[in-house]
$ cat structure15.cif   # mmCIF, C-alpha atoms
data_structure
#
loop_
_atom_site.label_atom_id
_atom_site.label_comp_id
_atom_site.auth_asym_id
_atom_site.auth_seq_id
_atom_site.Cartn_x
_atom_site.Cartn_y
_atom_site.Cartn_z
CA MET P 1 0.00 0.00 0.00
CA GLU P 2 2.99 2.33 0.42
CA LYS P 3 4.42 3.45 -2.90
CA GLY P 4 8.12 2.86 -3.45
CA ALA P 5 8.50 0.03 -0.95
CA ASP P 6 10.44 -3.10 -1.83
CA ILE P 7 7.76 -5.75 -1.28
CA ASP P 8 10.18 -8.68 -1.13
CA LYS P 9 12.35 -6.96 1.47
CA THR P 10 9.30 -5.95 3.50
CA VAL P 11 7.96 -9.50 3.55
CA ARG P 12 11.35 -10.92 4.56
CA MET P 13 11.59 -8.35 7.33
CA CYS P 14 8.11 -9.30 8.57
CA LEU P 15 9.08 -12.98 8.55
CA PHE P 16 12.39 -12.65 10.38
CA HIS P 17 12.12 -9.68 12.76
CA ASP P 18 10.93 -11.83 15.68
CA LEU P 19 13.45 -14.65 15.11
CA PRO P 20 15.45 -13.82 18.26
CA GLU P 21 12.31 -14.39 20.32
CA ALA P 22 12.60 -18.11 19.55
CA ARG P 23 15.48 -18.03 22.06
CA THR P 24 14.68 -15.05 24.25
CA GLY P 25 10.91 -15.34 24.53
CA ASP P 26 8.38 -12.69 23.51
CA HIS P 27 8.43 -10.17 26.34
CA ASN P 28 5.48 -7.83 26.75
CA TYR P 29 5.85 -4.20 27.78
CA VAL P 30 5.66 -5.01 31.51
CA ASN P 31 8.38 -7.68 31.19
CA LYS P 32 10.58 -5.21 29.33
CA LYS P 33 10.54 -2.88 32.34
CA TYR P 34 12.38 -5.53 34.37
CA VAL P 35 14.13 -7.94 31.99
CA THR P 36 17.08 -7.19 29.74
CA VAL P 37 17.19 -9.41 26.67
CA ASP P 38 20.23 -9.77 24.43
CA GLU P 39 18.49 -10.08 21.06
CA GLU P 40 21.74 -9.30 19.25
CA LYS P 41 23.47 -12.33 20.77
CA ALA P 42 20.46 -14.50 19.96
CA ILE P 43 20.23 -13.46 16.30
CA LEU P 44 23.98 -13.78 15.75
CA GLU P 45 24.04 -17.29 17.24
CA GLN P 46 20.93 -18.34 15.32
CA THR P 47 22.28 -17.24 11.95
CA LYS P 48 26.04 -17.85 12.23
CA ASP P 49 26.03 -21.07 10.18
CA LEU P 50 23.50 -19.98 7.57
CA PRO P 51 24.75 -18.88 4.15
CA PHE P 52 22.16 -16.07 4.24
CA GLY P 53 22.62 -15.35 7.96
CA ASP P 54 24.05 -11.87 7.38
CA ASP P 55 20.93 -10.98 5.38
CA ILE P 56 18.70 -11.95 8.32
CA VAL P 57 20.86 -10.02 10.79
CA ASN P 58 20.82 -6.94 8.55
CA LEU P 59 17.04 -7.15 8.12
CA THR P 60 16.62 -7.42 11.90
CA HIS P 61 18.86 -4.39 12.48
CA GLU P 62 17.00 -2.40 9.85
CA PHE P 63 13.65 -3.37 11.38
CA ASN P 64 14.77 -2.27 14.84
CA ALA P 65 16.15 1.04 13.56
CA ALA P 66 12.91 1.73 11.63
CA THR P 67 14.68 4.19 9.35
CA SER P 68 13.63 2.67 6.01
CA LEU P 69 10.15 2.62 4.50
CA GLU P 70 10.21 -1.19 4.52
CA ALA P 71 11.03 -1.24 8.25
CA ARG P 72 8.23 1.20 9.05
CA ILE P 73 5.78 -0.94 7.06
CA ALA P 74 6.98 -4.10 8.84
CA LYS P 75 6.66 -2.35 12.22
CA ASP P 76 3.12 -1.30 11.30
CA ALA P 77 2.29 -4.88 10.30
CA ASP P 78 3.54 -6.06 13.68
CA GLN P 79 1.40 -3.45 15.46
CA LEU P 80 -1.64 -4.22 13.30
CA ASP P 81 -1.36 -7.85 14.40
CA LEU P 82 -1.47 -6.66 18.01
CA ILE P 83 -4.32 -4.26 17.26
CA LEU P 84 -6.39 -7.07 15.73
CA GLU P 85 -5.79 -9.20 18.82
CA LEU P 86 -6.63 -6.35 21.19
CA LYS P 87 -9.74 -5.43 19.21
CA GLY P 88 -11.03 -8.95 19.75
CA HIS P 89 -10.42 -8.59 23.49
CA HIS P 90 -12.12 -5.19 23.49
CA ASP P 91 -15.17 -6.46 21.62
CA SER P 92 -15.39 -9.41 24.03
CA GLY P 93 -15.64 -7.02 26.97
CA ASN P 94 -12.10 -6.67 28.31
CA PRO P 95 -12.14 -3.18 29.86
CA ASN P 96 -8.34 -2.84 29.71
CA ALA P 97 -8.13 -3.40 25.96
CA LYS P 98 -9.37 0.11 25.14
CA LYS P 99 -6.32 1.77 26.69
CA TRP P 100 -3.93 -0.78 25.17
CA LEU P 101 -5.49 -0.13 21.76
CA GLU P 102 -4.95 3.61 22.13
CA TYR P 103 -1.22 3.10 22.70
CA ALA P 104 -0.89 0.54 19.89
CA MET P 105 -2.61 2.90 17.46
CA LYS P 106 -0.13 5.66 18.38
CA ARG P 107 2.77 3.39 17.38
CA LEU P 108 1.59 3.17 13.74
CA CYS P 109 3.89 5.20 11.49
CA THR P 110 2.77 4.92 7.86
CA GLU P 111 -0.38 6.48 6.46
CA SER P 112 -1.46 3.08 5.17
CA GLY P 113 -0.94 1.53 8.60
CA LYS P 114 -2.97 4.28 10.23
CA THR P 115 -5.75 3.81 7.67
CA VAL P 116 -5.90 0.06 8.30
CA GLY P 117 -5.78 0.67 12.05
CA ARG P 118 -8.74 3.05 11.88
CA GLU P 119 -10.66 0.52 9.80
CA ILE P 120 -9.99 -2.18 12.40
CA MET P 121 -11.17 0.13 15.16
CA SER P 122 -14.39 0.98 13.33
CA SER P 123 -15.22 -2.66 12.52
CA LYS P 124 -16.54 -5.50 14.60
CA SER P 125 -13.75 -7.96 15.28
CA ASP P 126 -15.92 -10.87 14.19
CA GLY P 127 -17.56 -9.04 11.30
CA TRP P 128 -15.49 -10.80 8.65
CA TRP P 129 -16.88 -14.22 9.49
CA PHE P 130 -19.91 -13.79 11.72
CA ASP P 131 -22.50 -11.83 9.85
CA ASP P 132 -26.28 -11.84 10.13
CA ASP P 133 -26.72 -14.97 7.99
CA ALA P 134 -28.27 -17.01 10.82
CA ASP P 135 -29.31 -19.77 8.40
CA TRP P 136 -25.66 -20.57 7.65
CA TRP P 137 -24.91 -20.94 11.36
CA VAL P 138 -27.90 -23.22 11.84
CA ASN P 139 -27.45 -25.40 8.76
CA GLY P 140 -23.70 -25.15 8.23
CA GLY P 141 -24.01 -23.64 4.80
CA LYS P 142 -26.18 -26.45 3.39
#
$ encode --input "structure15.cif" --output "structure tokens"
Amino acid sequence: MEKGADIDKTVRMCLFHDLPEARTGDHNYVNKKYVTVDEEKAILEQTKDLPFGDDIVNLTHEFNAATSLEARIAKDADQLDLILELKGHHDSGNPNAKKWLEYAMKRLCTESGKTVGREIMSSKSDGWWFDDDADWWVNGGK
């Protein structure tokens, strides 16, 4: 959706940016207040014997720096994943999800990401699969 972005690079960045978490765990914002994780050590050890390991390390560094368009798109994709999850919690009645959603929305950086985020916020989280077609839910689409 963002003009001028290298789609292949963006997809690879989306695929690999969380690779260190396979060794460090996926720490939430509360954990990060108390735990120091050495993602650099993890990614270097994970990729050291791969012929394309340097590519993965460079993509991870670029993602974390968020200076390129591709990195900002990948960061937005990561946040949109969280926003979709939180929207489901919000629509199910979790009172805390509203505040978490506000912060996640503020982390979006591209115009396309912000547009998608607003669309998520204005939609029902189950609207894509649970519509008013009660007959389908009774008869299983027969």
$ closest_atom_pairs --input "structure15.cif" --of "stretch 76-112 of chain P" --to "stretch 121-126 of chain P" --cutoff "12 Å" --atoms "all atoms listed in the file" --output "CSV"
residue,atom,partner,partner_atom,distance
P:Leu80,CA,P:Met121,CA,10.6
P:Ile83,CA,P:Met121,CA,8.4
P:Leu84,CA,P:Ser125,CA,7.4
P:Glu85,CA,P:Ser125,CA,8.8
P:Leu86,CA,P:Ser125,CA,9.4
P:Lys87,CA,P:Ser125,CA,6.2
P:Gly88,CA,P:Ser125,CA,5.3
P:His89,CA,P:Ser125,CA,8.9
P:His90,CA,P:Ser125,CA,8.8
P:Asp91,CA,P:Ser125,CA,6.7
P:Ser92,CA,P:Ser125,CA,9.0
P:Gly93,CA,P:Ser125,CA,11.9
P:Ala97,CA,P:Met121,CA,11.8
P:Lys98,CA,P:Met121,CA,10.1
P:Leu101,CA,P:Met121,CA,8.7
P:Glu102,CA,P:Met121,CA,10.0
P:Ala104,CA,P:Met121,CA,11.3
P:Met105,CA,P:Met121,CA,9.3
$ resolve_selection --input "structure15.cif" --expression "the PyMOL selection byres ((chain P and resi 30-42) around 10)" --output "list in words"
Asp18, Leu19, Pro20, Glu21, Ala22, Arg23, Thr24, Gly25, Asp26, His27, Asn28, Tyr29, Ile43, Leu44, Glu45, Gln46, Thr47, Val57, Thr60 and His61 of chain P
$ residues_around --input "structure15.cif" --residues "stretch 9-15 of chain P" --least-positions-apart "2" --cutoff "7 Å" --atoms "only C-alpha atoms" --output "list of chain:residue names"
P:Asp6, P:Ile7, P:His17, P:Leu59, P:Thr60, P:Phe63, P:Glu70, P:Ala71, P:Ala74
$ atom_distance --input "structure15.cif" --atom1 "atom CA of P:Tyr103" --atom2 "atom CA of P:Val116"
15.4 Å
$ atom_distance --input "structure15.cif" --atom1 "atom CA of P:Lys3" --atom2 "atom CA of P:Glu111"
10.9 Å
$ atom_distance --input "structure15.cif" --atom1 "atom CA of P:Met1" --atom2 "atom CA of P:Arg107"
17.9 Å
$ residues_around --input "structure15.cif" --residues "P:Glu2" --least-positions-apart "5" --cutoff "8 Å" --atoms "all atoms listed in the file" --output "PDB file with C-alpha atoms, in the frame of the given file"
ATOM      1  CA  ILE P  73       5.780  -0.940   7.060  1.00  0.00           C
ATOM      2  CA  THR P 110       2.770   4.920   7.860  1.00  0.00           C
ATOM      3  CA  SER P 112      -1.460   3.080   5.170  1.00  0.00           C
TER       4      SER P 112
END
$ closest_residue --input "structure15.cif" --among "P:Lys48, P:Gly53, P:Leu108, P:Asn96" --to "P:Arg72" --atoms "only C-alpha atoms"
P:Leu108
$ closest_residue --input "structure15.cif" --among "P:Gly113, P:Asp78, P:Asp49, P:Ala65" --to "P:Phe16" --atoms "only C-alpha atoms"
P:Asp78
$ residues_around --input "structure15.cif" --residues "P:Lys106" --least-positions-apart "6" --cutoff "12 Å" --atoms "only C-alpha atoms" --output "ChimeraX atom specification"
/P:76,79-80,83,99-100,113-114,117-118
$ write_last_selection --input "structure15.cif" --atoms "C-alpha atoms" --output "short mmCIF file (atom, residue, chain, number, x, y, z; two decimals), keeping the file's coordinate frame"
data_model
loop_
_atom_site.label_atom_id
_atom_site.label_comp_id
_atom_site.auth_asym_id
_atom_site.auth_seq_id
_atom_site.Cartn_x
_atom_site.Cartn_y
_atom_site.Cartn_z
CA ASP P 76 3.12 -1.30 11.30
CA GLN P 79 1.40 -3.45 15.46
CA LEU P 80 -1.64 -4.22 13.30
CA ILE P 83 -4.32 -4.26 17.26
CA LYS P 99 -6.32 1.77 26.69
CA TRP P 100 -3.93 -0.78 25.17
CA GLY P 113 -0.94 1.53 8.60
CA LYS P 114 -2.97 4.28 10.23
CA GLY P 117 -5.78 0.67 12.05
CA ARG P 118 -8.74 3.05 11.88
#
$ decode --input "structure15.cif" --residues "stretch 60-94 of chain P" --atoms "C-alpha atoms" --output "short mmCIF file (atom, residue, chain, number, x, y, z; two decimals), in the first residue's frame"
data_model
loop_
_atom_site.label_atom_id
_atom_site.label_comp_id
_atom_site.auth_asym_id
_atom_site.auth_seq_id
_atom_site.Cartn_x
_atom_site.Cartn_y
_atom_site.Cartn_z
CA THR P 60 16.62 -7.42 11.90
CA HIS P 61 18.86 -4.39 12.48
CA GLU P 62 17.00 -2.40 9.85
CA PHE P 63 13.65 -3.37 11.38
CA ASN P 64 14.77 -2.27 14.84
CA ALA P 65 16.15 1.04 13.56
CA ALA P 66 12.91 1.73 11.63
CA THR P 67 14.68 4.19 9.35
CA SER P 68 13.63 2.67 6.01
CA LEU P 69 10.15 2.62 4.50
CA GLU P 70 10.21 -1.19 4.52
CA ALA P 71 11.03 -1.24 8.25
CA ARG P 72 8.23 1.20 9.05
CA ILE P 73 5.78 -0.94 7.06
CA ALA P 74 6.98 -4.10 8.84
CA LYS P 75 6.66 -2.35 12.22
CA ASP P 76 3.12 -1.30 11.30
CA ALA P 77 2.29 -4.88 10.30
CA ASP P 78 3.54 -6.06 13.68
CA GLN P 79 1.40 -3.45 15.46
CA LEU P 80 -1.64 -4.22 13.30
CA ASP P 81 -1.36 -7.85 14.40
CA LEU P 82 -1.47 -6.66 18.01
CA ILE P 83 -4.32 -4.26 17.26
CA LEU P 84 -6.39 -7.07 15.73
CA GLU P 85 -5.79 -9.20 18.82
CA LEU P 86 -6.63 -6.35 21.19
CA LYS P 87 -9.74 -5.43 19.21
CA GLY P 88 -11.03 -8.95 19.75
CA HIS P 89 -10.42 -8.59 23.49
CA HIS P 90 -12.12 -5.19 23.49
CA ASP P 91 -15.17 -6.46 21.62
CA SER P 92 -15.39 -9.41 24.03
CA GLY P 93 -15.64 -7.02 26.97
CA ASN P 94 -12.10 -6.67 28.31
#
